[in-house]
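Below is one structure, written out as structure tokens, with a few remarks after it.
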Protein chains: 4
Amino acid sequence: MKYKVGVLGATGMVGQKFVQLLANHPWFKITTLMASERRVGKKYGDEVDWIVSSDVPKDVRDIEMSPMDPKYCDADIVFSALPSDVAREVEPKFAKEGFVVASNASAYRMEEDVPLVIPEVNPDHLQLIDVQKRNRGWDGFIVTNPNCTTIMLTITLKPLMDLKLKSVRVATMQALSGAGYPGVPSLAIVDNIIPFIKGEEEKVESEPLKILGRLEGGKVIPADLEISASCHRVPVIDGHLEAVWARFDGNVSVEDVIDAFDSLKPLDLPTSPEKVIVVRSEVDRPQPRLDRDTGNGMSVVVGRLKKVKDNEVRYLVLGHNTVRGAAGASILNAELMIKEGYISQA
Amino acid sequence: MKYKVGVLGATGMVGQKFVQLLANHPWFKITTLMASERRVGKKYGDEVDWIVSSDVPKDVRDIEMSPMDPKYCDADIVFSALPSDVAREVEPKFAKEGFVVASNASAYRMEEDVPLVIPEVNPDHLQLIDVQKRNRGWDGFIVTNPNCTTIMLTITLKPLMDLKLKSVRVATMQALSGAGYPGVPSLAIVDNIIPFIKGEEEKVESEPLKILGRLEGGKVIPADLEISASCHRVPVIDGHLEAVWARFDGNVSVEDVIDAFDSLKPLDLPTSPEKVIVVRSEVDRPQPRLDRDTGNGMSVVVGRLKKVKDNEVRYLVLGHNTVRGAAGASILNAELMIKEGYISQA
Amino acid sequence: MKYKVGVLGATGMVGQKFVQLLANHPWFKITTLMASERRVGKKYGDEVDWIVSSDVPKDVRDIEMSPMDPKYCDADIVFSALPSDVAREVEPKFAKEGFVVASNASAYRMEEDVPLVIPEVNPDHLQLIDVQKRNRGWDGFIVTNPNCTTIMLTITLKPLMDLKLKSVRVATMQALSGAGYPGVPSLAIVDNIIPFIKGEEEKVESEPLKILGRLEGGKVIPADLEISASCHRVPVIDGHLEAVWARFDGNVSVEDVIDAFDSLKPLDLPTSPEKVIVVRSEVDRPQPRLDRDTGNGMSVVVGRLKKVKDNEVRYLVLGHNTVRGAAGASILNAELMIKEGYISQA
Amino acid sequence: MKYKVGVLGATGMVGQKFVQLLANHPWFKITTLMASERRVGKKYGDEVDWIVSSDVPKDVRDIEMSPMDPKYCDADIVFSALPSDVAREVEPKFAKEGFVVASNASAYRMEEDVPLVIPEVNPDHLQLIDVQKRNRGWDGFIVTNPNCTTIMLTITLKPLMDLKLKSVRVATMQALSGAGYPGVPSLAIVDNIIPFIKGEEEKVESEPLKILGRLEGGKVIPADLEISASCHRVPVIDGHLEAVWARFDGNVSVEDVIDAFDSLKPLDLPTSPEKVIVVRSEVDRPQPRLDRDTGNGMSVVVGRLKKVKDNEVRYLVLGHNTVRGAAGASILNAELMIKEGYISQA
């Protein structure tokens, strides 16, 4: 029997991606779609300005949208595609009422007792769930996934930690879908780049330290790592590309780095890709349009590895920002929680 | 009386930019346009696939194109927009015959006795001209300007050298016009980024060391600086954007950097901009489409300065790649040579 | 002494274009910039999300924005860049108080006593001003310019009327700036075309009949012409391109059409282009990016004329939608009204 | 047992699409890939500049490319993705040697004894095969599919013929992939439209008359129809959009047209879509990026139907130019020929 799931903020860019990925999911069935007041009571298919594919999935077209209120929500798991400010208000209400909230929002990511999880990187951080429930006296709980840009980067940093990674410089070229819908005006980006994304650099510089941190006595000890990020918006629909300089404490070769990347194994979950990190050897890859769908958008693709100095290596990493970087990340987290026994069916 | 000038490779992207900038130049008059064999004898206006503005400048439309051979060239100065392999063959023939060759090609940039000059940065390197003429027994000589990406970067590095700049990490987002015409296929770049530009990173990592080097006994002692570059092609028509991390030997503040940038003064030449480095304070500038024409495309625009660590500052720099980065650079070099007395009129 | 002018809706796309074109106008001086409540009292330079060039013109940066209320407006002429629904409310208030309103809005275009004018096409329609003032008992009045797509088309239809033009089929490829700012989301238009523009086809099919109509006894008798339009939004920043099939009552040659186009003469006004209709003979022109700025954006460019049948000719027409098609059109109308003595200085 | 197939011009844009569509085809197996001399002997996977998806299909990567010469070709059917001038020389050599040539090239489309076929429109024209073999004394034969723009249009015109269709005006907005690879330079099309495609309008105006013609005594009597086309290249990767005005001899309603479109039934072939013409009712469809993959790119999508006059209706039609408009069209033709018994296995 499938788990009943709801989506908070179902009409936005990430919300649409949740609906698309959940529509044919082996474990999940969409039962509730929640949106802002003015949309409540209207059919999802009529209201949504659907842009992620040709048509809204048949099964959800006629679902009448509900308010963002636990008492109208019939679900075991609630996926949140809410903007941060709204998430801060709404998500706790659901957790309090016993719902499992798998959130893509940034609102609670950095709170001490909220897991910020990438399943292949720090599954053990789910242990914070018990701390959170105890601290807050909630029947349910909130589990978050990182910012889209952080996810691609951190997946590659994880295996490098064993090589004594010390500092990272990363310049990003981020897709339009990362800004939501309507998001970036076309007049602002045609024949142009916008070298600023509000709050992005701060997230990319801080979130990985928590994700790569060590769980100790119910707390996360941040990783000893220093990151500086420069983030830029480019005229690409999907797929964040990142140029990374990784400096180590000691000598590291390109081969060491490739071996490390290959060592990161996928989990046995429905949304897991065959390979977590795909290393390409062509001189001109990864490219957003050609590589973003690798592993159904759940793999990250690495390329152009180059030794810079004895203790420094440069590489590119690309990932699908609304799949591995958002909706797919929350779904993978939910799958992990089920496998780990954190979720029971109503 | 104006100097007579010729253009080698007049029909290409940079060639068109030379023609456009020289058409109304106060000191120069186009007398010879040289192109590949199949175009010789044909009128420039009929042959060129003109894309830099609405129409080919009136005065040059009817010029019949000449072969790339000194004996058909009636000019005091020859500007070269040739691809490197062709330049390697052709440029020396002109220098040998007494022509002043102001070249945008990379062929001779790194040769010991060839000046690689940005007028505001290393005008003194023009002294290599005498060394070159002596070494090679030429009546004329070759003076080069750097690669487009190198120019924007190096203009900002020059004033930082006095702050004990030690190492640089730079990620570039480069315009399509930098690849020439036809250059990048539209199918390759729509909704995409190409994270590779042949030979580019090597140039950006080596040329600045020569430009910022010290002239000593007729030789350039390379600057003590370490650079690593990651270069990417983006769907932008003109304007290279670069994200730079500058690390110093000692403490440096953002204010120090801004003061240094402001200290770089323009020269009194026709093509000089009012300000060499324009520092913008908005959170989202520079942007290629909005800022590339600053100072008629001869200024570089800096923004988003941020302190990373005690000894490291991050910033963005943007410049017009076919003006300050190519044709405009060669023209400014020629203006400087005239002012410095290196060029006499036939 | 310059006429004092105000702009209604000064921060939008067309509003910015008004400000840009008026900043250095020989007859006009911007004294009042009006915007929605939340912007009142703030400096224009701080509030506007300026995207039409590198910087907001110096003179207007510090102008504090006023409410859209006649009593705060110190001007001889008010240019309106308001959306239709707002214009319907606001413009009459200004006309009532004695202001001359030169409007780009569609709200009053089709009203019997409101001139819908293209100076080179139907200057005599300004006579409706007296009718309007009498009808409405206003001290001032409203004069409108047509929809952007209509203007380019109608300028070419005017000279064809003498050749017994009977019907027109037109397919448009319209620029993003025509949708205002923020306007079209980038996610909706990258690698895409949107084949629908609300209300556009109706305007293109009706407005030309009034503009080309005959003034008789204080009324406009619509032209006997039948038009069908299909309108599409394309990923182009500025410049509307239109493919036109013109059918005549009788035999017409391409030469007849070219002669007719050449017969339309410019007026002697500051914003008039040298040539109203520029006919290009290249097989692949007009192109938006190359031709939109012809005549400083005030000329329309025609090309690819072809005989289809004895009584039918096909051609393309291109014009700058925010200059000749919007702000420039209103300004040219104001210049004409001054020349014709309809405007007196306070 | 699968039919062995070869591809002529396998590395180009359409060639890549052939390879992609044939890689997993139930009836066909790629045995021979043919390309220009300089590529002969090299592995397809190493040589091709693959841009239609992330990776070259596994099975064909190691195929060594053969010269375009029948004696090196081991296949029952040869698909041709050659440019017209090359096709004119090469295709007859294969037909002469007994090969079935299913060609996307324009070289032989209009020859009297060469079938120009769209399976759902004029399957009976395959009868020209016998005429062709007799005329030319070939063991094999050439069957062609129309130009990409012609196909989408003609599929919609076929059912309208019964409504006494008399004349058509069509303005096209064509994708970049239609120009092949490298095709349109990015510098020519970013922020631009190119209103000219060599030879395209002539094809769109002539090919439908043959396709919709009546087979009589081994000859095709062209349809009594008059077409005028205006063709434009837009910055879209795949998917041709066409604005059509259809004039009839007599009264026709939008409902009549929709019924006619619905009456065109798919064939029972592997590459046939579920629906040949999909009529969408949204105000803003079809859109290239959202609708081009309908029916795996083999359906054409129609929208925005509107009555213009008693005897005239306007509509939009969209189709995937490299699938239904090229490679898919040739493959569907081959499937039809097999079903009709025109092809025997070696």
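In the structure tokens, the first chain shown is A, the next is B, and so on; residue numbers restart at 1 for each chain, and ligands run from 1 in the order shown.
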Legend entry - Distance query D:Asn145 at most 9 Å, only C-alpha atoms, self and fewer than 3 positions along chain excluded, as a list in words: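 Listed by chain and then number, they are Ala102, Ser103, Asn104, Ala105, Ser106, Arg109, Pro115, Leu116, Val117, Ile118, Cys148, Ile151, Gly325, Ala326, Ala329, Ser330 and Asn333 of chain D.
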*What are the residues of chain A that have an atom within 6 Å of an atom of chain D, counting only C-alpha atoms, as number ranges by chain?*
A: 53-54, 290-291
_Quick check for you: according to DSSP on this backbone, which residues of stretch 225-333 of chain B are classed as strand (DSSP E or B)? Reply as number ranges by chain._
B: 226-233, 240-248, 277-279, 300-309, 312-319
Grab the residues selected above and save them as a compact mmCIF listing (two decimals), in the first residue's frame with N, CA, C and O atoms.
# COMPACT_ATOMS: atom_id res chain seq x y z
N GLU B 226 50.84 33.46 -9.03
CA GLU B 226 50.36 32.14 -9.45
C GLU B 226 48.87 32.24 -9.76
O GLU B 226 48.09 32.74 -8.95
N ILE B 227 48.48 31.83 -10.97
CA ILE B 227 47.10 31.98 -11.44
C ILE B 227 46.53 30.64 -11.88
O ILE B 227 47.20 29.85 -12.54
N SER B 228 45.29 30.37 -11.48
CA SER B 228 44.56 29.21 -12.01
C SER B 228 43.22 29.69 -12.56
O SER B 228 42.49 30.40 -11.88
N ALA B 229 42.92 29.30 -13.81
CA ALA B 229 41.71 29.79 -14.47
C ALA B 229 40.82 28.64 -14.93
O ALA B 229 41.31 27.60 -15.37
N SER B 230 39.51 28.84 -14.80
CA SER B 230 38.52 27.91 -15.35
C SER B 230 37.63 28.72 -16.29
O SER B 230 36.97 29.66 -15.86
N CYS B 231 37.63 28.36 -17.59
CA CYS B 231 36.97 29.20 -18.60
C CYS B 231 35.73 28.54 -19.19
O CYS B 231 35.76 27.36 -19.54
N HIS B 232 34.66 29.33 -19.32
CA HIS B 232 33.37 28.80 -19.76
C HIS B 232 32.72 29.74 -20.76
O HIS B 232 32.78 30.96 -20.62
N ARG B 233 32.07 29.16 -21.77
CA ARG B 233 31.37 29.94 -22.79
C ARG B 233 29.89 30.01 -22.43
O ARG B 233 29.28 28.98 -22.14
N HIS B 240 32.90 39.75 -21.44
CA HIS B 240 33.40 38.64 -20.62
C HIS B 240 33.27 39.02 -19.15
O HIS B 240 33.71 40.10 -18.74
N LEU B 241 32.66 38.13 -18.38
CA LEU B 241 32.52 38.33 -16.93
C LEU B 241 33.45 37.35 -16.23
O LEU B 241 33.52 36.19 -16.61
N GLU B 242 34.18 37.84 -15.21
CA GLU B 242 35.14 36.98 -14.52
C GLU B 242 35.00 37.12 -13.00
O GLU B 242 34.93 38.22 -12.47
N ALA B 243 34.91 35.94 -12.34
CA ALA B 243 34.86 35.92 -10.87
C ALA B 243 36.26 35.64 -10.37
O ALA B 243 36.85 34.61 -10.70
N VAL B 244 36.79 36.58 -9.58
CA VAL B 244 38.20 36.53 -9.17
C VAL B 244 38.37 36.40 -7.67
O VAL B 244 37.71 37.12 -6.90
N TRP B 245 39.24 35.46 -7.24
CA TRP B 245 39.69 35.43 -5.85
C TRP B 245 41.16 35.83 -5.85
O TRP B 245 41.98 35.18 -6.52
N ALA B 246 41.48 36.90 -5.14
CA ALA B 246 42.86 37.40 -5.09
C ALA B 246 43.42 37.21 -3.68
O ALA B 246 42.84 37.71 -2.71
N ARG B 247 44.51 36.44 -3.59
CA ARG B 247 45.13 36.23 -2.28
C ARG B 247 46.44 37.01 -2.21
O ARG B 247 47.23 37.03 -3.16
N PHE B 248 46.64 37.65 -1.04
CA PHE B 248 47.79 38.53 -0.86
C PHE B 248 48.76 38.00 0.20
O PHE B 248 48.41 37.14 1.01
N ILE B 277 39.19 51.64 -14.64
CA ILE B 277 38.41 50.67 -13.86
C ILE B 277 37.24 51.39 -13.20
O ILE B 277 37.44 52.31 -12.41
N VAL B 278 36.03 51.03 -13.57
CA VAL B 278 34.84 51.61 -12.96
C VAL B 278 34.33 50.63 -11.90
O VAL B 278 34.02 49.48 -12.20
N VAL B 279 34.31 51.08 -10.66
CA VAL B 279 33.83 50.22 -9.57
C VAL B 279 32.36 50.52 -9.29
O VAL B 279 32.00 51.66 -9.00
N VAL B 300 36.96 48.75 -17.87
CA VAL B 300 36.53 47.48 -17.29
C VAL B 300 35.71 47.85 -16.05
O VAL B 300 35.97 48.84 -15.39
N VAL B 301 34.67 47.03 -15.80
CA VAL B 301 33.76 47.34 -14.72
C VAL B 301 33.89 46.27 -13.62
O VAL B 301 33.82 45.07 -13.92
N VAL B 302 34.11 46.73 -12.42
CA VAL B 302 34.31 45.84 -11.28
C VAL B 302 33.14 45.96 -10.31
O VAL B 302 32.52 47.01 -10.20
N GLY B 303 32.82 44.87 -9.63
CA GLY B 303 31.75 44.93 -8.65
C GLY B 303 31.82 43.77 -7.67
O GLY B 303 32.69 42.91 -7.76
N ARG B 304 30.87 43.78 -6.72
CA ARG B 304 30.72 42.70 -5.74
C ARG B 304 32.01 42.37 -4.99
O ARG B 304 32.31 41.19 -4.73
N LEU B 305 32.76 43.39 -4.64
CA LEU B 305 33.98 43.15 -3.86
C LEU B 305 33.60 42.63 -2.48
O LEU B 305 32.66 43.12 -1.85
N LYS B 306 34.33 41.62 -2.01
CA LYS B 306 34.03 41.04 -0.70
C LYS B 306 35.29 40.47 -0.07
O LYS B 306 36.09 39.82 -0.74
N LYS B 307 35.43 40.74 1.21
CA LYS B 307 36.56 40.19 1.95
C LYS B 307 36.28 38.71 2.20
O LYS B 307 35.22 38.35 2.70
N VAL B 308 37.20 37.84 1.84
CA VAL B 308 37.02 36.41 2.05
C VAL B 308 37.74 35.98 3.32
O VAL B 308 37.19 35.29 4.18
N LYS B 309 38.99 36.40 3.44
CA LYS B 309 39.81 36.15 4.62
C LYS B 309 40.73 37.36 4.80
O LYS B 309 40.77 38.25 3.96
N GLU B 312 42.61 37.73 1.67
CA GLU B 312 41.96 37.36 0.41
C GLU B 312 40.70 38.18 0.15
O GLU B 312 39.89 38.38 1.04
N VAL B 313 40.59 38.67 -1.08
CA VAL B 313 39.43 39.45 -1.49
C VAL B 313 38.86 38.85 -2.78
O VAL B 313 39.60 38.34 -3.62
N ARG B 314 37.52 38.89 -2.88
CA ARG B 314 36.84 38.36 -4.05
C ARG B 314 36.19 39.52 -4.81
O ARG B 314 35.72 40.48 -4.18
N TYR B 315 36.17 39.46 -6.13
CA TYR B 315 35.46 40.49 -6.90
C TYR B 315 35.12 39.98 -8.28
O TYR B 315 35.59 38.93 -8.71
N LEU B 316 34.26 40.73 -8.98
CA LEU B 316 33.90 40.43 -10.36
C LEU B 316 34.49 41.51 -11.25
O LEU B 316 34.53 42.67 -10.87
N VAL B 317 34.91 41.11 -12.45
CA VAL B 317 35.34 42.10 -13.43
C VAL B 317 34.71 41.76 -14.78
O VAL B 317 34.58 40.58 -15.14
N LEU B 318 34.27 42.82 -15.47
CA LEU B 318 33.64 42.65 -16.78
C LEU B 318 34.29 43.60 -17.77
O LEU B 318 34.63 44.73 -17.43
N GLY B 319 34.45 43.13 -19.01
CA GLY B 319 34.97 44.01 -20.06
C GLY B 319 34.44 43.59 -21.41
O GLY B 319 34.04 42.43 -21.60
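Between atom CA of D:Gln132 and atom CA of D:Gly218 lies a distance of 9.5 Å.
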For the structure I just gave you, how does DSSP split stretch 83-331 of chain C - specifically, which residues are helix (DSSP H, G or I)? Reply as a PyMOL selection string.
chain C and resi 84-96+123-136+148-161+176-179+186-189+200-211+254-263+288-291+294-297+323-331
B:Gly217 environment, 10 Å, only C-alpha atoms, sequence neighbours closer than 3 positions dropped, as a list in words: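 Contacts, with the query itself left out: Leu128, Val131, Arg214, Val220 and Ile221 of chain B.
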#### Entry: Residue neighbourhood D:Met298, 8 Å, only C-alpha atoms, exclusion window fewer than 2 positions, as a ChimeraX atom specification
/D:271-273,276,293-296,300,319-320,323-324,328
